[in-house]
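Visitor: Let me give you the structure first, and then I'll get to my questions.
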Amino acid sequence: MGIFDKLFPSGSLKPEEPSGAERRLRERLAVASGDPATAATSLRFRLRWTGQVQGVGFRFNNTNLARARNLTGWVQNMPDGSVEMEVQGAPANILSHLEALHDGYRRMGTRFRLAEGIPLAIDPFEETFEPRY
């Protein structure tokens with residue numbers, strides 16, 4: 001057990017239910033990743049997160065998680081306190097990104113929700129995932 005686990009024991013926190021927008025997005029990603037015809041086809045979404053998303057390393061963590069999963073896009077704090085991001089890649093990789101994001105913040109008791117998940121056209125020239133300032 002690491003120091004992080006001692007400070008933020010995950011067993012004491014009740015997982016937050018995903019929003020309707022996140023449930024729909026996860027379902028779409030699961031279907032696409034489970035179908036051999038679409039599993040390797042990149043998808044792109046604009047996501048808007050609300051809750052405790054500023055001042056908790058949300059951009060930094062999203063960037064690291066996305067890069068580790070070969071996703072491209074960007075993430076940016078918005079003036080209204082939300083965070084917007086565009087994420088592009090294989091459906092299974094986007095789904096893995098969402099799961100890892102929630103797992104990481106659940107330990108700290110940080111609460112955030114996906115307010116919107118809008119499908120977009122693929123950007124064929126995008127090569128990396130970047131935080132925007």
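Going through the structure tokens in order, the chains are called A, B, and so on, while each chain numbers its residues from 1 and the ligands are numbered from 1 in the order shown.
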Gly117 of chain A: which residues within 8 Å, counting only C-alpha atoms, same-chain residues fewer than 3 positions away excluded, as number ranges by chain?
Guide: A: 21-22, 25, 45-48, 114
Visitor: Now that the selection is made, can you save its residues with N, CA and C atoms as a compact mmCIF listing (two decimals), in the first residue's frame?
Guide:
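Wrote selection_21.txt, looks like this:
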```
# COMPACT_ATOMS: atom_id res chain seq x y z
N ALA A 21 -25.05 11.61 -19.81
CA ALA A 21 -24.16 11.85 -20.95
C ALA A 21 -23.02 10.86 -20.97
N GLU A 22 -22.47 10.57 -19.80
CA GLU A 22 -21.35 9.61 -19.76
C GLU A 22 -21.82 8.19 -20.00
N LEU A 25 -22.20 7.87 -23.72
CA LEU A 25 -20.90 7.84 -24.38
C LEU A 25 -20.23 6.48 -24.17
N PHE A 45 -14.64 13.11 -29.90
CA PHE A 45 -15.72 13.69 -29.11
C PHE A 45 -15.26 14.97 -28.44
N ARG A 46 -16.19 15.91 -28.31
CA ARG A 46 -15.97 17.08 -27.46
C ARG A 46 -16.67 16.76 -26.15
N LEU A 47 -15.91 16.85 -25.06
CA LEU A 47 -16.42 16.54 -23.73
C LEU A 47 -16.35 17.78 -22.86
N ARG A 48 -17.40 18.01 -22.09
CA ARG A 48 -17.40 19.11 -21.12
C ARG A 48 -17.64 18.53 -19.75
N LEU A 114 -19.50 14.26 -16.45
CA LEU A 114 -19.52 14.62 -17.86
C LEU A 114 -20.86 15.28 -18.15
```
Visitor: Mind listing the strand (DSSP E or B) residues of segment 50-96 of chain A, per DSSP on the backbone, as a PyMOL selection string?
Guide: chain A and resi 50-51+72-77+83-89
Visitor: Considering only C-alpha atoms, state which residue in the set A:Ala100, A:Glu116, A:Ala39, A:Glu86 is at the smallest distance from Arg69 of chain A.
Guide: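 When distances to Arg69 of chain A are compared using only C-alpha atoms, the smallest one comes from A:Ala100.
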Visitor: So how many Å separate atom CA of Asn77 of chain A and atom CA of Leu29 of chain A, to one decimal?
Guide: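 Pair atom CA of Asn77 of chain A / atom CA of Leu29 of chain A returns 24.7 Å.
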Visitor: Just the number, please: distance in Å from atom CA of Thr72 of chain A to atom CA of Glu130 of chain A, one decimal.
Guide: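 About the pair atom CA of Thr72 of chain A and atom CA of Glu130 of chain A: they are 7.8 Å apart.
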Visitor: Using only C-alpha atoms, which protein or nucleic acid residues come within 6 Å of Arg44 of chain A? Drop anything in the same chain fewer than 6 positions from it, and give the result as a list in words.
Guide: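 The contact residues come out as Val87, Gln88, Pro119, Leu120 and Ile122 of chain A.
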Visitor: Save the residues we just selected, N, CA, C and O atoms, as a PDB file, in the first residue's frame?
Guide:
```pdb
ATOM      1  N   VAL A  87     -11.208  14.648 -27.634  1.00  0.00           N
ATOM      2  CA  VAL A  87     -10.411  13.433 -27.565  1.00  0.00           C
ATOM      3  C   VAL A  87     -10.719  12.593 -28.802  1.00  0.00           C
ATOM      4  O   VAL A  87     -11.870  12.487 -29.219  1.00  0.00           O
ATOM      5  N   GLN A  88      -9.656  12.028 -29.369  1.00  0.00           N
ATOM      6  CA  GLN A  88      -9.782  11.265 -30.612  1.00  0.00           C
ATOM      7  C   GLN A  88      -8.927  10.012 -30.523  1.00  0.00           C
ATOM      8  O   GLN A  88      -7.787  10.064 -30.078  1.00  0.00           O
ATOM      9  N   PRO A 119     -20.261  14.002 -30.480  1.00  0.00           N
ATOM     10  CA  PRO A 119     -19.411  13.431 -31.532  1.00  0.00           C
ATOM     11  C   PRO A 119     -19.005  14.499 -32.537  1.00  0.00           C
ATOM     12  O   PRO A 119     -19.795  15.390 -32.865  1.00  0.00           O
ATOM     13  N   LEU A 120     -17.767  14.405 -32.986  1.00  0.00           N
ATOM     14  CA  LEU A 120     -17.220  15.359 -33.951  1.00  0.00           C
ATOM     15  C   LEU A 120     -16.576  14.611 -35.114  1.00  0.00           C
ATOM     16  O   LEU A 120     -16.306  13.409 -35.018  1.00  0.00           O
ATOM     17  N   ILE A 122     -13.433  13.578 -37.379  1.00  0.00           N
ATOM     18  CA  ILE A 122     -12.039  13.268 -37.081  1.00  0.00           C
ATOM     19  C   ILE A 122     -11.133  14.373 -37.628  1.00  0.00           C
ATOM     20  O   ILE A 122     -11.384  14.931 -38.690  1.00  0.00           O
TER      21      ILE A 122
END
```
Visitor: When you look at segment 63-65 of chain A with a cut-off of 7 Å (counting only C-alpha atoms), what residues show up, excluding the ones that are within fewer than 3 positions of it in the same chain? I need them as a ChimeraX atom specification.
Guide: /A:59-60,68-69,97,129-131
Visitor: Can you spit out the residues from that selection as a PDB file, in the first residue's frame, using N, CA and C atoms?
Guide:
```pdb
ATOM      1  N   ARG A  59      -6.269  18.897 -16.158  1.00  0.00           N
ATOM      2  CA  ARG A  59      -5.653  18.983 -17.491  1.00  0.00           C
ATOM      3  C   ARG A  59      -4.415  18.100 -17.574  1.00  0.00           C
ATOM      4  N   PHE A  60      -3.573  18.180 -16.562  1.00  0.00           N
ATOM      5  CA  PHE A  60      -2.337  17.402 -16.518  1.00  0.00           C
ATOM      6  C   PHE A  60      -2.642  15.903 -16.566  1.00  0.00           C
ATOM      7  N   ALA A  68      -0.808   8.180 -22.955  1.00  0.00           N
ATOM      8  CA  ALA A  68      -0.499   6.770 -22.667  1.00  0.00           C
ATOM      9  C   ALA A  68      -1.383   5.828 -23.477  1.00  0.00           C
ATOM     10  N   ARG A  69      -2.514   6.315 -23.954  1.00  0.00           N
ATOM     11  CA  ARG A  69      -3.453   5.489 -24.716  1.00  0.00           C
ATOM     12  C   ARG A  69      -3.473   5.845 -26.207  1.00  0.00           C
ATOM     13  N   HIS A  97      -9.509   5.486 -21.138  1.00  0.00           N
ATOM     14  CA  HIS A  97      -9.161   6.815 -20.623  1.00  0.00           C
ATOM     15  C   HIS A  97     -10.197   7.273 -19.592  1.00  0.00           C
ATOM     16  N   PHE A 129      -1.858  14.859 -27.944  1.00  0.00           N
ATOM     17  CA  PHE A 129      -2.847  15.402 -27.013  1.00  0.00           C
ATOM     18  C   PHE A 129      -2.138  16.490 -26.213  1.00  0.00           C
ATOM     19  N   GLU A 130      -2.738  17.675 -26.156  1.00  0.00           N
ATOM     20  CA  GLU A 130      -2.095  18.834 -25.524  1.00  0.00           C
ATOM     21  C   GLU A 130      -3.018  19.548 -24.551  1.00  0.00           C
ATOM     22  N   PRO A 131      -2.461  20.028 -23.447  1.00  0.00           N
ATOM     23  CA  PRO A 131      -3.240  20.935 -22.594  1.00  0.00           C
ATOM     24  C   PRO A 131      -3.233  22.320 -23.232  1.00  0.00           C
TER      25      PRO A 131
END
```
Visitor: I need the residue nearest Pro124 of chain A from this list: A:Asn62, A:Gln54, A:Ser96, A:Ser42. Use only C-alpha atoms for the distance.
Guide: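 Distance minimum relative to Pro124 of chain A lands on A:Ser42.
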Visitor: I'd like the interatomic distance between atom CA of Phe112 of chain A and atom CA of Glu126 of chain A, to a tenth of an Å.
Guide: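 Calculated distance between atom CA of Phe112 of chain A and atom CA of Glu126 of chain A is 27.2 Å.
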